[in-house]
>>> print(open('start.csv').read())   # CSV, C-alpha atoms and all ligand atoms
chain,number,residue,atom,x,y,z
A,204,MET,CA,-37.3,18.4,-12.9
A,205,SER,CA,-34.4,19.4,-10.7
A,206,PHE,CA,-32.6,18.1,-7.7
A,207,GLU,CA,-33.9,19.1,-4.3
A,208,ASN,CA,-33.1,18.5,-0.7
A,209,ARG,CA,-29.3,18.8,-0.8
A,210,PRO,CA,-28.1,18.5,2.8
A,211,ASP,CA,-26.4,21.6,4.0
A,212,ARG,CA,-22.8,20.5,4.1
A,213,ASP,CA,-19.7,22.5,3.4
A,214,ALA,CA,-17.4,19.8,2.1
A,215,GLU,CA,-18.5,17.3,-0.5
A,216,VAL,CA,-17.1,14.6,-2.8
A,217,VAL,CA,-19.3,13.9,-5.8
A,218,LEU,CA,-19.3,10.8,-8.0
A,219,VAL,CA,-20.4,11.3,-11.7
A,220,GLY,CA,-20.4,8.9,-14.6
A,221,ARG,CA,-22.4,7.1,-17.2
A,222,SER,CA,-24.9,4.6,-16.0
A,223,ASN,CA,-23.7,1.1,-15.2
A,224,VAL,CA,-20.0,2.0,-14.6
A,225,GLY,CA,-20.2,0.9,-11.0
A,226,LYS,CA,-20.9,4.2,-9.2
A,227,SER,CA,-23.2,2.6,-6.6
A,228,THR,CA,-20.8,-0.2,-6.0
A,229,LEU,CA,-18.0,2.4,-5.5
A,230,MET,CA,-20.2,4.4,-3.2
A,231,ARG,CA,-20.8,1.3,-1.1
A,232,GLU,CA,-17.1,0.7,-0.9
A,233,LEU,CA,-16.3,4.3,0.1
A,234,THR,CA,-19.0,4.6,2.7
A,235,GLY,CA,-19.6,1.1,3.9
A,236,HIS,CA,-23.3,1.5,3.2
A,237,SER,CA,-25.5,0.3,0.3
A,238,PHE,CA,-27.9,2.6,-1.5
A,239,ASP,CA,-30.0,0.0,-3.2
A,240,THR,CA,-33.3,1.7,-3.2
A,241,GLY,CA,-34.6,1.5,-6.7
A,242,ARG,CA,-31.2,1.6,-8.4
A,243,LYS,CA,-32.7,0.6,-11.7
A,244,PRO,CA,-30.9,2.7,-14.3
A,245,GLY,CA,-32.8,5.8,-15.0
A,246,VAL,CA,-35.2,5.3,-12.1
A,247,THR,CA,-33.1,6.9,-9.4
A,248,ARG,CA,-32.8,10.4,-10.7
A,249,GLN,CA,-32.0,12.1,-7.4
A,250,PRO,CA,-28.6,12.3,-5.9
A,251,ASN,CA,-27.7,9.8,-3.1
A,252,HIS,CA,-26.1,11.7,-0.3
A,253,TYR,CA,-24.1,9.9,2.3
A,254,ASP,CA,-24.3,12.5,5.1
A,255,TRP,CA,-24.7,10.4,8.2
A,256,ALA,CA,-21.3,11.4,9.7
A,257,GLY,CA,-21.1,14.0,12.4
A,258,THR,CA,-18.5,15.9,10.4
A,259,ASP,CA,-19.5,18.6,7.9
A,260,PHE,CA,-18.9,16.3,5.0
A,261,MET,CA,-20.7,14.1,2.5
A,262,PHE,CA,-20.2,11.8,-0.4
A,263,THR,CA,-22.8,12.3,-3.2
A,264,ASP,CA,-23.5,9.8,-5.9
A,265,LEU,CA,-25.1,11.8,-8.8
A,266,PRO,CA,-27.5,10.0,-11.2
A,267,GLY,CA,-25.9,8.1,-14.1
A,268,PHE,CA,-26.2,9.6,-17.5
A,269,GLY,CA,-25.7,8.4,-21.1
A,270,PHE,CA,-27.4,5.5,-22.7
A,271,MET,CA,-29.8,3.5,-20.6
A,272,SER,CA,-32.1,1.0,-22.2
A,273,GLY,CA,-35.8,1.9,-21.7
A,274,VAL,CA,-35.0,5.5,-20.9
A,275,GLU,CA,-35.8,8.1,-23.5
A,276,ALA,CA,-33.2,10.4,-24.9
A,277,ASP,CA,-34.8,13.6,-23.6
A,278,HIS,CA,-34.9,12.1,-20.1
A,279,ARG,CA,-31.3,11.1,-20.3
A,280,GLU,CA,-30.4,14.6,-21.5
A,281,GLN,CA,-32.4,16.1,-18.6
A,282,ILE,CA,-30.5,13.9,-16.1
A,283,LYS,CA,-27.2,15.2,-17.5
A,284,THR,CA,-28.3,18.8,-17.4
A,285,ASN,CA,-29.3,18.4,-13.7
A,286,VAL,CA,-26.0,16.8,-12.9
A,287,VAL,CA,-24.1,19.7,-14.5
A,288,ARG,CA,-26.2,22.2,-12.8
A,289,TYR,CA,-25.8,20.5,-9.4
A,290,ILE,CA,-22.0,20.7,-9.8
A,291,GLU,CA,-22.0,24.3,-11.0
A,292,GLU,CA,-24.2,25.4,-8.1
A,293,ASN,CA,-22.1,23.6,-5.5
A,294,ALA,CA,-18.7,23.8,-7.0
A,295,GLU,CA,-17.3,25.9,-4.1
A,296,ASN,CA,-18.1,23.1,-1.6
A,297,ILE,CA,-17.0,20.2,-3.8
A,298,LEU,CA,-13.5,19.1,-2.8
A,299,ALA,CA,-13.2,16.5,-5.5
A,300,GLY,CA,-15.3,15.3,-8.5
A,301,ILE,CA,-14.8,11.7,-9.2
A,302,LEU,CA,-15.5,10.8,-12.8
A,303,VAL,CA,-16.2,7.0,-12.7
A,304,VAL,CA,-15.6,5.2,-16.0
A,305,ASP,CA,-15.7,1.5,-17.1
A,306,GLY,CA,-12.1,0.7,-17.8
A,307,LYS,CA,-13.1,-2.1,-20.1
A,308,ALA,CA,-15.5,-0.1,-22.3
A,309,VAL,CA,-14.5,3.5,-22.0
A,310,ILE,CA,-12.1,3.8,-24.9
A,311,ASP,CA,-14.5,2.1,-27.4
A,312,ILE,CA,-17.4,4.3,-26.3
A,313,ILE,CA,-15.3,7.5,-26.5
A,314,ASP,CA,-14.0,6.6,-30.0
A,315,ARG,CA,-17.5,5.6,-31.2
A,316,HIS,CA,-18.9,9.0,-30.2
A,317,GLU,CA,-16.0,10.8,-31.8
A,318,GLN,CA,-16.4,9.0,-35.0
A,319,ARG,CA,-20.0,10.1,-35.1
A,320,GLY,CA,-18.8,13.7,-34.6
A,321,ASN,CA,-20.1,13.9,-31.0
A,322,ILE,CA,-18.3,15.0,-27.9
A,323,PRO,CA,-18.1,11.8,-25.7
A,324,HIS,CA,-19.9,12.3,-22.3
A,325,ASP,CA,-16.8,11.3,-20.4
A,326,VAL,CA,-14.5,13.7,-22.1
A,327,GLU,CA,-17.1,16.4,-21.8
A,328,MET,CA,-17.6,15.8,-18.1
A,329,PHE,CA,-13.8,15.7,-17.5
A,330,GLN,CA,-13.5,19.1,-19.2
A,331,PHE,CA,-16.5,20.5,-17.5
A,332,LEU,CA,-15.1,19.6,-14.0
A,333,GLN,CA,-11.9,21.5,-14.9
A,334,GLU,CA,-13.8,24.5,-16.1
A,335,VAL,CA,-15.8,24.9,-12.9
A,336,ASP,CA,-12.5,24.4,-10.8
A,337,VAL,CA,-13.5,21.0,-9.4
A,338,ASP,CA,-10.3,19.2,-10.0
A,339,PRO,CA,-11.4,15.9,-11.5
A,340,ILE,CA,-10.2,12.4,-10.4
A,341,VAL,CA,-10.9,9.6,-12.9
A,342,ALA,CA,-11.8,6.4,-11.2
A,343,VAL,CA,-11.1,3.8,-13.8
A,344,ASN,CA,-13.3,0.9,-12.6
A,345,LYS,CA,-13.7,-2.7,-13.5
A,346,MET,CA,-9.9,-3.1,-14.0
A,347,ASP,CA,-10.3,-6.7,-13.0
A,348,LYS,CA,-11.8,-7.2,-16.5
A,349,VAL,CA,-8.8,-5.6,-18.2
A,350,ASP,CA,-5.7,-7.5,-19.3
A,351,ASP,CA,-3.6,-4.8,-21.0
A,352,GLU,CA,-3.9,-2.3,-18.1
A,353,ASP,CA,-1.0,0.1,-19.0
A,354,GLU,CA,-2.2,0.3,-22.6
A,355,ARG,CA,-5.8,1.0,-21.7
A,356,LEU,CA,-4.8,3.7,-19.2
A,357,ASP,CA,-2.4,5.3,-21.7
A,358,ASP,CA,-5.2,5.4,-24.3
A,359,LEU,CA,-7.6,6.9,-21.7
A,360,CYS,CA,-5.0,9.7,-20.9
A,361,ASP,CA,-4.7,10.3,-24.6
A,362,ARG,CA,-8.5,10.7,-25.0
A,363,LEU,CA,-8.7,13.1,-22.0
A,364,GLY,CA,-5.9,15.3,-23.3
A,365,LEU,CA,-3.3,14.0,-20.7
A,366,TYR,CA,0.0,13.2,-22.3
A,367,PRO,CA,0.8,9.5,-21.7
A,368,PRO,CA,2.3,7.5,-20.0
A,369,TRP,CA,-0.5,7.3,-17.4
A,370,GLN,CA,1.9,6.9,-14.5
A,371,GLN,CA,2.6,10.7,-14.8
A,372,TRP,CA,-1.0,11.3,-13.8
A,373,GLN,CA,-1.5,9.2,-10.7
A,374,GLU,CA,-3.0,12.2,-8.9
A,375,ILE,CA,-5.8,12.0,-11.5
A,376,ILE,CA,-6.1,8.5,-12.9
A,377,CYS,CA,-7.0,5.8,-10.4
A,378,PRO,CA,-7.4,2.3,-11.6
A,379,ILE,CA,-9.8,0.4,-9.3
A,380,SER,CA,-12.1,-2.5,-9.0
A,381,ALA,CA,-15.0,-1.5,-6.8
A,382,LYS,CA,-16.6,-4.9,-6.9
A,383,ARG,CA,-13.4,-6.5,-5.6
A,384,GLY,CA,-13.1,-3.9,-2.9
A,385,ASN,CA,-9.9,-2.6,-4.5
A,386,ILE,CA,-10.1,1.1,-4.3
A,387,ASP,CA,-6.7,1.9,-2.7
A,388,SER,CA,-5.4,4.2,-5.4
A,389,LEU,CA,-8.6,6.3,-5.3
A,390,GLU,CA,-8.5,6.6,-1.5
A,391,ALA,CA,-4.9,7.6,-1.6
A,392,VAL,CA,-5.6,10.5,-4.1
A,393,LEU,CA,-8.6,11.6,-2.0
A,394,ARG,CA,-6.4,11.7,1.1
A,395,ASP,CA,-3.9,13.9,-0.8
A,396,ARG,CA,-6.7,16.2,-1.9
A,397,PHE,CA,-8.1,16.6,1.6
A,398,HIS,CA,-4.6,17.2,3.0
A,399,GLU,CA,-3.9,19.9,0.3
A,400,ALA,CA,-7.2,21.5,1.1
A,401,LYS,CA,-6.2,21.6,4.7
A,402,ARG,CA,-9.1,19.4,5.7
A,403,ASP,CA,-7.2,16.7,7.6
A,404,GLU,CA,-10.3,16.0,9.7
A,405,LEU,CA,-11.8,14.4,6.6
A,406,LEU,CA,-9.0,11.8,6.3
A,407,GLN,CA,-11.1,9.5,8.5
A,408,PHE,CA,-13.5,9.0,5.6
A,409,VAL,CA,-10.9,7.5,3.2
A,410,SER,CA,-8.9,5.1,5.4
A,501,LIG,P1,-24.0,2.3,-11.5
A,501,LIG,O1,-25.1,2.2,-12.5
A,501,LIG,O2,-22.9,3.1,-12.1
A,501,LIG,O3,-24.4,2.7,-10.1
A,501,LIG,O4,-23.4,0.8,-11.5
A,501,LIG,P2,-23.5,-0.4,-10.4
A,501,LIG,O5,-22.7,-0.1,-9.2
A,501,LIG,O6,-24.9,-0.7,-10.2
A,501,LIG,O7,-22.7,-1.5,-11.2
A,501,LIG,C1,-23.1,-1.9,-12.5
A,501,LIG,C2,-22.6,-3.4,-12.7
A,501,LIG,O8,-21.2,-3.4,-12.8
A,501,LIG,C3,-23.0,-4.3,-11.6
A,501,LIG,O9,-23.3,-5.6,-12.2
A,501,LIG,C4,-21.8,-4.4,-10.8
A,501,LIG,O10,-21.7,-5.6,-10.1
A,501,LIG,C5,-20.7,-4.3,-11.8
A,501,LIG,N1,-19.5,-3.8,-11.3
A,501,LIG,C6,-19.3,-2.7,-10.5
A,501,LIG,N2,-18.0,-2.6,-10.2
A,501,LIG,C7,-17.3,-3.6,-10.8
A,501,LIG,C8,-15.9,-4.0,-10.8
A,501,LIG,O11,-15.0,-3.4,-10.3
A,501,LIG,N3,-15.6,-5.0,-11.6
A,501,LIG,C9,-16.6,-5.7,-12.3
A,501,LIG,N4,-16.2,-6.8,-13.0
A,501,LIG,N5,-17.9,-5.4,-12.3
A,501,LIG,C10,-18.2,-4.3,-11.5
>>> encode(input="start.csv", output="structure tokens")
Amino acid sequence: MSFENRPDRDAEVVLVGRSNVGKSTLMRELTGHSFDTGRKPGVTRQPNHYDWAGTDFMFTDLPGFGFMSGVEADHREQIKTNVVRYIEENAENILAGILVVDGKAVIDIIDRHEQRGNIPHDVEMFQFLQEVDVDPIVAVNKMDKVDDEDERLDDLCDRLGLYPPWQQWQEIICPISAKRGNIDSLEAVLRDRFHEAKRDELLQFVS
């Protein structure tokens, strides 16, 4: 199984993350369109491309990986392998890789994996994006459920190898609440990235 039918676009922003972190909700906020066809975890295993604009650009929501109830481990591994391969193959066209995490749960999940001697998916994906020169942005979602925001974000920086305080990393760490429509910090960082990449014609997609 691999991903097929990638639209031929030169500029792309991809969303990656564990299942249930709110990627499709964020995709809807970014594009104004719902992609609700069979979004049962583990069922949608193909990327969702938002490529309806005339400009040579698309947002792509890659399938969620990690634990999904009712989906077997080898299938979950396969999904992750496909996501990694997709990013590797298209790295040159990817202007930003948004790693979406659940702000409420991410620290506990990372620490649990580490205690078992495994590399946590989120840490692995963050490092992978850096390795393939797709500068990661971390969209820390569901912040509406978090009380101790600064502490959480500092902990997340620590786990990702970014020296706290998190405020030093506002070009990478974006606290958001996709469900509440509060994604300003992420859109601001995307605008900066597009501008730096001399792609100002793409600013219309993040206003
Ligand atoms: P995906 O599997 O990553 O695509 O996740 P979904 O977009 O389907 O969201 C998973 C669940 O998280 C849904 O119940 C959403 O309503 C919820 N959710 C998404 N974003 C937020 C958010 O910002 N805050 C809260 N509290 N819930 C959210």
>>> residues_near_ligand(input="start.csv", ligand="ligand LIG 501 (chain A)", cutoff="10 Å", atoms="only C-alpha atoms and all ligand atoms", output="PyMOL selection string")
chain A and resi 218-232+237-239+242-245+247+264-268+271+303-307+343-349+378-386
>>> atom_distance(input="start.csv", atom1="atom CA of Asn293 of chain A", atom2="atom CA of Gln407 of chain A")
22.7 Å
>>> closest_residue(input="start.csv", among="A:His278, A:Arg355, A:Arg362, A:Arg209", to="His316 of chain A", atoms="all atoms listed in the file")
A:Arg362
>>> atom_distance(input="start.csv", atom1="atom CA of Asp213 of chain A", atom2="atom CA of Asn296 of chain A")
5.3 Å
>>> residues_around(input="start.csv", residues="Asp353 of chain A", least_positions_apart="3", cutoff="12 Å", atoms="only C-alpha atoms", output="ChimeraX atom specification")
/A:306,343,346,349-350,356-360,367-371,376-378
>>> closest_residue(input="start.csv", among="A:Pro323, A:Gly273, A:Pro210, A:Pro339", to="Ala299 of chain A", atoms="only C-alpha atoms")
A:Pro339
>>> atom_distance(input="start.csv", atom1="atom CA of Gly300 of chain A", atom2="atom CA of Glu334 of chain A")
12.0 Å
>>> decode(input="start.csv", residues="segment 344-365 of chain A", atoms="N, CA and C atoms", output="JSON list (two decimals), in the first residue's frame")
[["chain", "number", "residue", "atom", "x", "y", "z"],
["A", 344, "ASN", "N", -2.37, 21.80, 19.65],
["A", 344, "ASN", "CA", -3.83, 21.99, 19.56],
["A", 344, "ASN", "C", -4.51, 21.68, 20.90],
["A", 345, "LYS", "N", -5.79, 21.99, 20.95],
["A", 345, "LYS", "CA", -6.66, 21.74, 22.12],
["A", 345, "LYS", "C", -6.19, 22.53, 23.34],
["A", 346, "MET", "N", -5.60, 23.70, 23.11],
["A", 346, "MET", "CA", -5.12, 24.49, 24.23],
["A", 346, "MET", "C", -6.27, 25.02, 25.09],
["A", 347, "ASP", "N", -7.48, 24.97, 24.55],
["A", 347, "ASP", "CA", -8.66, 25.34, 25.36],
["A", 347, "ASP", "C", -8.85, 24.39, 26.53],
["A", 348, "LYS", "N", -8.23, 23.21, 26.47],
["A", 348, "LYS", "CA", -8.37, 22.24, 27.56],
["A", 348, "LYS", "C", -7.21, 22.33, 28.57],
["A", 349, "VAL", "N", -6.27, 23.25, 28.32],
["A", 349, "VAL", "CA", -5.05, 23.31, 29.13],
["A", 349, "VAL", "C", -5.09, 24.53, 30.05],
["A", 350, "ASP", "N", -4.85, 24.33, 31.33],
["A", 350, "ASP", "CA", -4.83, 25.45, 32.28],
["A", 350, "ASP", "C", -3.44, 26.07, 32.39],
["A", 351, "ASP", "N", -2.45, 25.19, 32.58],
["A", 351, "ASP", "CA", -1.08, 25.68, 32.82],
["A", 351, "ASP", "C", -0.32, 25.77, 31.50],
["A", 352, "GLU", "N", -0.77, 26.71, 30.66],
["A", 352, "GLU", "CA", -0.27, 26.80, 29.29],
["A", 352, "GLU", "C", 1.25, 26.92, 29.20],
["A", 353, "ASP", "N", 1.83, 27.87, 29.94],
["A", 353, "ASP", "CA", 3.28, 28.09, 29.82],
["A", 353, "ASP", "C", 4.07, 26.86, 30.24],
["A", 354, "GLU", "N", 3.62, 26.25, 31.32],
["A", 354, "GLU", "CA", 4.32, 25.06, 31.83],
["A", 354, "GLU", "C", 4.29, 23.93, 30.80],
["A", 355, "ARG", "N", 3.10, 23.70, 30.23],
["A", 355, "ARG", "CA", 2.96, 22.66, 29.21],
["A", 355, "ARG", "C", 3.87, 22.90, 28.02],
["A", 356, "LEU", "N", 3.87, 24.14, 27.57],
["A", 356, "LEU", "CA", 4.64, 24.46, 26.37],
["A", 356, "LEU", "C", 6.15, 24.38, 26.65],
["A", 357, "ASP", "N", 6.54, 24.77, 27.87],
["A", 357, "ASP", "CA", 7.96, 24.61, 28.25],
["A", 357, "ASP", "C", 8.34, 23.14, 28.27],
["A", 358, "ASP", "N", 7.46, 22.30, 28.84],
["A", 358, "ASP", "CA", 7.72, 20.86, 28.88],
["A", 358, "ASP", "C", 7.85, 20.29, 27.47],
["A", 359, "LEU", "N", 6.97, 20.74, 26.59],
["A", 359, "LEU", "CA", 7.01, 20.24, 25.22],
["A", 359, "LEU", "C", 8.34, 20.63, 24.56],
["A", 360, "CYS", "N", 8.75, 21.87, 24.74],
["A", 360, "CYS", "CA", 10.05, 22.31, 24.19],
["A", 360, "CYS", "C", 11.16, 21.41, 24.71],
["A", 361, "ASP", "N", 11.14, 21.18, 26.01],
["A", 361, "ASP", "CA", 12.15, 20.32, 26.62],
["A", 361, "ASP", "C", 12.19, 18.94, 25.94],
["A", 362, "ARG", "N", 11.03, 18.35, 25.72],
["A", 362, "ARG", "CA", 10.98, 17.00, 25.12],
["A", 362, "ARG", "C", 11.44, 17.01, 23.66],
["A", 363, "LEU", "N", 11.28, 18.16, 23.01],
["A", 363, "LEU", "CA", 11.66, 18.24, 21.59],
["A", 363, "LEU", "C", 13.11, 18.71, 21.42],
["A", 364, "GLY", "N", 13.79, 18.94, 22.54],
["A", 364, "GLY", "CA", 15.17, 19.37, 22.46],
["A", 364, "GLY", "C", 15.32, 20.86, 22.19],
["A", 365, "LEU", "N", 14.26, 21.63, 22.48],
["A", 365, "LEU", "CA", 14.32, 23.09, 22.34],
["A", 365, "LEU", "C", 14.42, 23.68, 23.75]]
